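Peer 1: Let me give you the structure first, and then I'll get to my questions.
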Amino acid sequence: MQPRFGIRTKLLLSILAILLISYSTLIYSTMKTMSASLRSEVDRNLETNLTYARSQYRDRATVINYSLLQPATAPVVQGHVASGDRKWLDDRLKQVHRVLPSLDILLMLDGKKRILAGIDTTSQGEELYLPGILDQALAGKSVVSSTEILPAVTLCQAGVKRYCEEESNAEALVNTVVVPVLSQGGSVLGCFVAAEILNNQATLPIDLQEVSGNDVEVSITQRDMRIASSLPVTVRDASTLSPKVVDVLERGEVYRGEARIGSRDYETVIDPILNSRGEFVGSISVAVAIERFRETKRENLGNILAAAFIGILCSFGLAFLASRYFTGPLRQLAASASRIEQGDLDQRVEGDQDDEVGVLASSFNKMVQALKERDAIINKKTDDLQELNEQLERMVDERTSALVMEMGRLEAVLTSLAEAVVVTDLDNRVVLFNPAAQQLFEMVPHRVVGQPIEQVCELVGFTPLLERIRELGQSERAGGTKEELTVKGKRLHVYLSSLSDEYGNFAGIVLSIRDVTVEQQVDRMKTEFISTVSHELKTPLTSIKGSLQLLLTRSKWLTDTERQLLTVCFRNTQRLIRLISEILDISGIESGGMVFKFKPVSIGELTVYAVEEIKSYAMGRDITIVNTVGEHLPMVYGDSDRLIQVITNLLSNAVKFSPEGKVVMISAEQEGNYVVVSVADKGRVIQWSDRDKLFKKFQQIECQERGKVGGTGLGLAICKEIVERHHGRIFYTAAQERGNTFSFTVPIIGETDAKG
């Protein structure tokens, strides 16, 4: 079949496509580079002119500064300022004004900001209202210069007569310098105040333009209104800065962007002018006309397009000639390949060219020869592959036997488990039901296997588990959970966990059910036994403690050894009484026999009592307790004695496990409807493996600095029970480096609590 497009056409089109892409890329990159270069030139021009304008603007204040420093430090000037010699100071200021004729304001103030002398002022003795810059200079005893906006009243007071006739709301932008005059001891005698009204310097931007050229426009604004500019008067008087630009300048940022001023387009950069208090009072801007840059860009674009058009025409001619030269040998190669495709592997391609086409023909011949050799190899390897398949089948049989054996072992393990195990498939139908489950459910396997787990749960009274089973059936909520149920008088612990396949999708549920009825009965009997024994032990121990205390306080005839032995007996008796009290507390809380007297109490008072109770123990270990609980916290609703017991226990643990010389901190804050009380120490952070023991009965944690610390292991368990009876919670937080924090919450008293 003859192809729709011959190789010559395809080669020609490919060459043309490459040429078009190359020229397009070249034109695009050239234009982008040219635009970037012009952009860089504009930015460089703007930055250079703005830097020059800034320097010229600031140099005026610098000249004033250096011109006033010499008289300000002269002893003769200091003497006349101290004596208030106005006539001499007036003459001195006139001499300075002859040196600096551009100054509109030149005053001498005393240390109380009153005018002593001035070149044109008649307000001698009045206090000059010049906030900010004047206070900074006198307070810092240093020269301060800034640009300020002064009202007409201040300008008239300073001697600028034309502002005495202006409206009261008239203002002017003033370049101000304040030079303090100090005595030999460093005290402030007064200060020079020199100012130049920029509203009168309309030629300043024009002077700068003479250096930069006609394509650069320089302007100075008072807030958003241009007061001095190199623009024509008609353009300058009617132009203000836009609110968008003013918003940027008020934040103290430099504004950059394009603007159309008059009939010309400019690239503009505007630098904000801030007063001594950091407030926006005006700006200095430089604008560069971009018409010349645009014209250069258009000329370069025309030249590039013309060169590209001529290049494409020439390349098209060369591509046409090249396609005719190369397609002849390629057509011959295509015909030979077609015969080889039909199965003639003895076919060879004749090629005598010395170029790539000749190399291609030689490679093609080698490929055909390789195909013949591989065909023979494939026939030989087929027999080998058959033998490998047989070996693979034997291995599969062996692995299947091993898998059956493992399944038998797993079934034996599940059968021997004392806990009931139920496993479901993807559709939540029961696929495994071990003997323990048969005994617990009182159902035979053939009535359960294959049935939906929901139906089985309804039959045996496990309906509370249906919601959990549905949750586990959702892949996004996969995981495990634990439930406690009472079914037919039996107390059961049920563990539910979801199964996942190799892709992480839901594949079924495993239920492990344990009958803990007997265990709870044993635990209750143990608790009752401990409570009974503790009650029986507490009465004789109390008598022993009283007797030992009486002997220690009234028996003066005891020897040191006898007193020491009695002291040891007394201390151990106290320890046994505390142990029994804690056992009775935990037993009473668990059995509901402990009575709580709830009433409004202050957390601040409770912490004070708790700190007083533990203070002697802390002093014995050289540990400082810092109480930061304030009286501003709201009242809480609880049993004051039990809450003090919780705080005292937490403080005792913090002191016990803190290194000597450290600080224990107790604090409290309100979070929503609760007050959170926290006790923080600087001891070693509790290990992860020990944190599960914190609030469990008869569990103790060893301290690495002090080894195993004495105690019953009931303190935190009692605290947990007391806090939970207050409808709060107790929890532990570890510091990042060193330290532990135990916190508990107590509800704030409400209206219903107060009535009760």
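To be explicit about the labels: the chains of the structure tokens are called A, B, and onward in the order shown, and within each one the residues are counted from 1, while ligands get numbers from 1 in the order they are shown.
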Need to verify the contact set: Phe462 of chain A, 12 Å, only C-alpha atoms, exclusion of same-chain residues closer than 2 positions in sequence. Can you return it as a list in words?
Peer 2: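 Contacts, in chain order: Leu440, Phe441, Ile453, Glu454, Gln455, Val456, Cys457, Glu458, Leu459, Val460, Pro464, Leu465, Leu466, Glu467, Arg468, Ile469, Glu483, Glu484, Leu485, Thr486, Val487, Lys488, Lys490, Leu492, His493, Val494, Leu511 and Ile513 of chain A.
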Peer 1: Using DSSP on the backbone coordinates, identify the residues of segment 229-470 of chain A assigned to strand (DSSP E or B); present them as JSON, numbers by chain.
Peer 2: {"A": [229, 240, 255, 256, 257, 258, 259, 260, 261, 264, 265, 266, 267, 268, 269, 270, 271, 272, 273, 274, 280, 281, 282, 283, 284, 285, 286, 287, 288, 289, 420, 421, 422, 423, 424, 429, 430, 431, 432, 433, 452]}
Peer 1: Within 9 Å of Leu103 of chain A, counting only C-alpha atoms, which residues show up once you throw out same-chain ones fewer than 6 positions away? Write them as a PDB file with N, CA and C atoms, in the first residue's frame, please.
Peer 2:
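selection_34.pdb, freshly written:
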```pdb
ATOM      1  N   ILE A  64      23.447  72.958  56.640  1.00  0.00           N
ATOM      2  CA  ILE A  64      22.941  73.732  57.786  1.00  0.00           C
ATOM      3  C   ILE A  64      23.508  73.169  59.088  1.00  0.00           C
ATOM      4  N   HIS A  97      22.916  84.014  59.018  1.00  0.00           N
ATOM      5  CA  HIS A  97      21.975  84.081  57.895  1.00  0.00           C
ATOM      6  C   HIS A  97      22.656  84.598  56.638  1.00  0.00           C
ATOM      7  N   ALA A 194      16.950  76.014  62.748  1.00  0.00           N
ATOM      8  CA  ALA A 194      17.082  76.524  61.380  1.00  0.00           C
ATOM      9  C   ALA A 194      16.169  75.718  60.478  1.00  0.00           C
ATOM     10  N   ALA A 195      15.483  76.434  59.575  1.00  0.00           N
ATOM     11  CA  ALA A 195      14.527  75.747  58.706  1.00  0.00           C
ATOM     12  C   ALA A 195      14.491  76.398  57.342  1.00  0.00           C
ATOM     13  N   GLU A 196      14.221  75.568  56.361  1.00  0.00           N
ATOM     14  CA  GLU A 196      14.115  76.009  54.972  1.00  0.00           C
ATOM     15  C   GLU A 196      12.765  75.524  54.442  1.00  0.00           C
ATOM     16  N   ILE A 197      11.908  76.465  54.029  1.00  0.00           N
ATOM     17  CA  ILE A 197      10.569  76.122  53.547  1.00  0.00           C
ATOM     18  C   ILE A 197      10.686  75.626  52.119  1.00  0.00           C
TER      19      ILE A 197
END
```
Peer 1: Please, which residues in segment 29-88 of chain A fall within 12 Å of segment 115-136 of chain A when counting only C-alpha atoms, and what is the closest atom pair and distance in Å to one decimal for each, ordered by chain then residue number, as CSV?
Peer 2:
```
residue,atom,partner,partner_atom,distance
A:His80,CA,A:Leu116,CA,10.4
A:Val81,CA,A:Leu116,CA,8.2
A:Ala82,CA,A:Leu116,CA,10.5
A:Ser83,CA,A:Leu116,CA,10.5
A:Gly84,CA,A:Leu116,CA,6.8
A:Asp85,CA,A:Leu116,CA,8.0
A:Arg86,CA,A:Ala117,CA,5.6
A:Lys87,CA,A:Ala117,CA,7.7
A:Trp88,CA,A:Ala117,CA,8.9
```
Peer 1: Give me the residues near Thr154 of chain A as a PyMOL selection string, where near means some atom within 10 Å (using only C-alpha atoms) and where sequence neighbours in that chain fewer than 4 positions away do not count.
Peer 2: chain A and resi 128-130+150+158-160+163-164+171
Peer 1: Now that the selection is made, can you save its residues with all heavy atoms as an mmCIF file, in the first residue's frame?
Peer 2:
```cif
data_model
loop_
_atom_site.group_PDB
_atom_site.id
_atom_site.type_symbol
_atom_site.label_atom_id
_atom_site.label_comp_id
_atom_site.auth_asym_id
_atom_site.auth_seq_id
_atom_site.Cartn_x
_atom_site.Cartn_y
_atom_site.Cartn_z
ATOM 1 N N LEU A 128 8.128 78.130 71.543
ATOM 2 C CA LEU A 128 7.952 77.715 70.141
ATOM 3 C C LEU A 128 7.298 76.330 70.111
ATOM 4 O O LEU A 128 7.788 75.381 70.708
ATOM 5 C CB LEU A 128 9.301 77.661 69.421
ATOM 6 C CG LEU A 128 9.243 77.252 67.942
ATOM 7 C CD1 LEU A 128 8.476 78.290 67.128
ATOM 8 C CD2 LEU A 128 10.650 77.057 67.381
ATOM 9 N N TYR A 129 6.165 76.241 69.401
ATOM 10 C CA TYR A 129 5.459 74.948 69.265
ATOM 11 C C TYR A 129 6.072 74.179 68.096
ATOM 12 O O TYR A 129 5.796 74.452 66.945
ATOM 13 C CB TYR A 129 3.970 75.188 69.032
ATOM 14 C CG TYR A 129 3.213 73.902 68.824
ATOM 15 C CD1 TYR A 129 2.970 73.046 69.899
ATOM 16 C CD2 TYR A 129 2.772 73.527 67.560
ATOM 17 C CE1 TYR A 129 2.284 71.857 69.717
ATOM 18 C CE2 TYR A 129 2.092 72.335 67.372
ATOM 19 C CZ TYR A 129 1.848 71.507 68.453
ATOM 20 O OH TYR A 129 1.171 70.324 68.255
ATOM 21 N N LEU A 130 6.958 73.259 68.432
ATOM 22 C CA LEU A 130 7.627 72.431 67.408
ATOM 23 C C LEU A 130 7.806 71.036 68.003
ATOM 24 O O LEU A 130 8.892 70.646 68.420
ATOM 25 C CB LEU A 130 8.988 73.031 67.025
ATOM 26 C CG LEU A 130 9.656 72.466 65.765
ATOM 27 C CD1 LEU A 130 8.790 72.732 64.553
ATOM 28 C CD2 LEU A 130 11.038 73.062 65.575
ATOM 29 N N LEU A 150 4.672 72.280 59.085
ATOM 30 C CA LEU A 150 4.400 73.233 60.153
ATOM 31 C C LEU A 150 3.192 74.084 59.791
ATOM 32 O O LEU A 150 3.022 74.494 58.632
ATOM 33 C CB LEU A 150 5.613 74.124 60.392
ATOM 34 C CG LEU A 150 6.912 73.398 60.795
ATOM 35 C CD1 LEU A 150 8.006 74.407 61.068
ATOM 36 C CD2 LEU A 150 6.681 72.533 62.022
ATOM 37 N N ALA A 158 7.732 82.014 64.076
ATOM 38 C CA ALA A 158 9.163 81.884 63.823
ATOM 39 C C ALA A 158 9.717 83.015 62.972
ATOM 40 O O ALA A 158 10.920 83.038 62.706
ATOM 41 C CB ALA A 158 9.426 80.552 63.146
ATOM 42 N N GLY A 159 8.847 83.937 62.474
ATOM 43 C CA GLY A 159 9.352 85.102 61.757
ATOM 44 C C GLY A 159 9.103 85.088 60.266
ATOM 45 O O GLY A 159 9.610 85.955 59.556
ATOM 46 N N VAL A 160 8.317 84.111 59.761
ATOM 47 C CA VAL A 160 7.995 84.095 58.333
ATOM 48 C C VAL A 160 6.733 84.942 58.166
ATOM 49 O O VAL A 160 5.614 84.456 58.399
ATOM 50 C CB VAL A 160 7.793 82.662 57.826
ATOM 51 C CG1 VAL A 160 7.595 82.652 56.323
ATOM 52 C CG2 VAL A 160 8.998 81.792 58.200
ATOM 53 N N TYR A 163 3.262 84.182 56.223
ATOM 54 C CA TYR A 163 2.312 83.216 56.770
ATOM 55 C C TYR A 163 1.464 83.810 57.883
ATOM 56 O O TYR A 163 0.522 83.170 58.343
ATOM 57 C CB TYR A 163 3.038 81.976 57.283
ATOM 58 C CG TYR A 163 3.461 81.048 56.185
ATOM 59 C CD1 TYR A 163 4.736 81.111 55.647
ATOM 60 C CD2 TYR A 163 2.551 80.131 55.655
ATOM 61 C CE1 TYR A 163 5.116 80.285 54.609
ATOM 62 C CE2 TYR A 163 2.927 79.291 54.623
ATOM 63 C CZ TYR A 163 4.219 79.363 54.096
ATOM 64 O OH TYR A 163 4.590 78.523 53.081
ATOM 65 N N CYS A 164 1.801 85.030 58.332
ATOM 66 C CA CYS A 164 0.964 85.686 59.334
ATOM 67 C C CYS A 164 -0.361 86.123 58.723
ATOM 68 O O CYS A 164 -1.346 86.326 59.427
ATOM 69 C CB CYS A 164 1.685 86.897 59.932
ATOM 70 S SG CYS A 164 3.188 86.454 60.860
ATOM 71 N N GLU A 171 -0.434 75.339 55.737
ATOM 72 C CA GLU A 171 0.719 74.569 56.185
ATOM 73 C C GLU A 171 1.843 74.693 55.170
ATOM 74 O O GLU A 171 1.615 75.121 54.023
ATOM 75 C CB GLU A 171 0.357 73.090 56.353
ATOM 76 C CG GLU A 171 -0.669 72.815 57.423
ATOM 77 C CD GLU A 171 -1.050 71.350 57.474
ATOM 78 O OE1 GLU A 171 -1.004 70.701 56.394
ATOM 79 O OE2 GLU A 171 -1.387 70.854 58.561
#
```
Peer 1: Atom CA of Asn740 of chain A and atom CA of Thr624 of chain A, how far apart in Å?
Peer 2: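 Those two atoms sit 15.9 Å apart.
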Peer 1: Quick one: residues within 8 Å of segment 496-499 of chain A, only C-alpha atoms, excluding same-chain residues fewer than 4 positions away - as JSON, numbers by chain?
Peer 2: {"A": [469, 472, 473, 478, 479, 480, 481, 482, 506, 507, 508, 509, 510, 511, 512]}
Peer 1: When distances are computed from only C-alpha atoms, which of A:Gly672, A:Pro435, A:Gly408, A:Gly317 shows the smallest separation from Leu16 of chain A?
Peer 2: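 Smallest separation from Leu16 of chain A among the options: A:Gly317.
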Peer 1: Which residues of segment 590-673 of chain A have any atom within 9 Å of an atom in segment 680-696 of chain A when counting only C-alpha atoms, and what is the closest pair of atoms for each, with the distance in Å to one decimal? Order the rows by chain and rising number and write it as a tab-separated table.
Peer 2:
```
residue	atom	partner	partner_atom	distance
A:Leu651	CA	A:Ala680	CA	8.7
A:Ala654	CA	A:Asp681	CA	5.5
A:Val655	CA	A:Asp681	CA	7.6
A:Phe657	CA	A:Gly683	CA	5.9
A:Ser658	CA	A:Gly683	CA	4.4
A:Pro659	CA	A:Gly683	CA	6.2
A:Lys662	CA	A:Lys682	CA	6.6
A:Val663	CA	A:Asp681	CA	6.6
A:Val664	CA	A:Asp681	CA	4.7
A:Met665	CA	A:Ala680	CA	5.1
A:Ile666	CA	A:Ala680	CA	6.4
A:Ser667	CA	A:Ala680	CA	8.4
```
Peer 1: Excluding same-chain residues fewer than 3 positions from Gln549 of chain A, what lies within 9 Å of it counting only C-alpha atoms, as a count of residues only?
Peer 2: 9
Peer 1: Go through A:Lys141, A:Arg642, A:His632, A:Arg277 one by one, measure the shortest atom-to-atom distance of each to Leu606 of chain A using only C-alpha atoms, and give the residue with the smallest value.
Peer 2: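 Distance minimum relative to Leu606 of chain A lands on A:Arg642.
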Peer 1: Among segment 242-412 of chain A, which residues does DSSP mark as helix (DSSP H, G or I) when it is run on the backbone? Keep the chain and numbering as in the structure and answer as an MDAnalysis selection string.
Peer 2: chainID A and resid 243:250 291:341 356:412
Peer 1: Excluding Val174 of chain A and its own-chain neighbours fewer than 3 positions away, which residues fall within 10 Å of it when counting only C-alpha atoms? Please give them as a list in words.
Peer 2: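 So, after excluding close chain neighbours, the residues are Asp104, Ile105, Ser146, Thr147, Glu148, Ile149, Leu150, Leu155, Glu171, Val177, Ala194, Ala195, Glu196, Ile197, Leu198, Asn199, Asn200, Gln222, Asn275 and Val281 of chain A.
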Peer 1: Using atom CA of Glu612 of chain A and atom CA of Phe731 of chain A as the two end points, give the distance in Å to one decimal.
Peer 2: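 Atom CA of Glu612 of chain A sits 24.1 Å away from atom CA of Phe731 of chain A.
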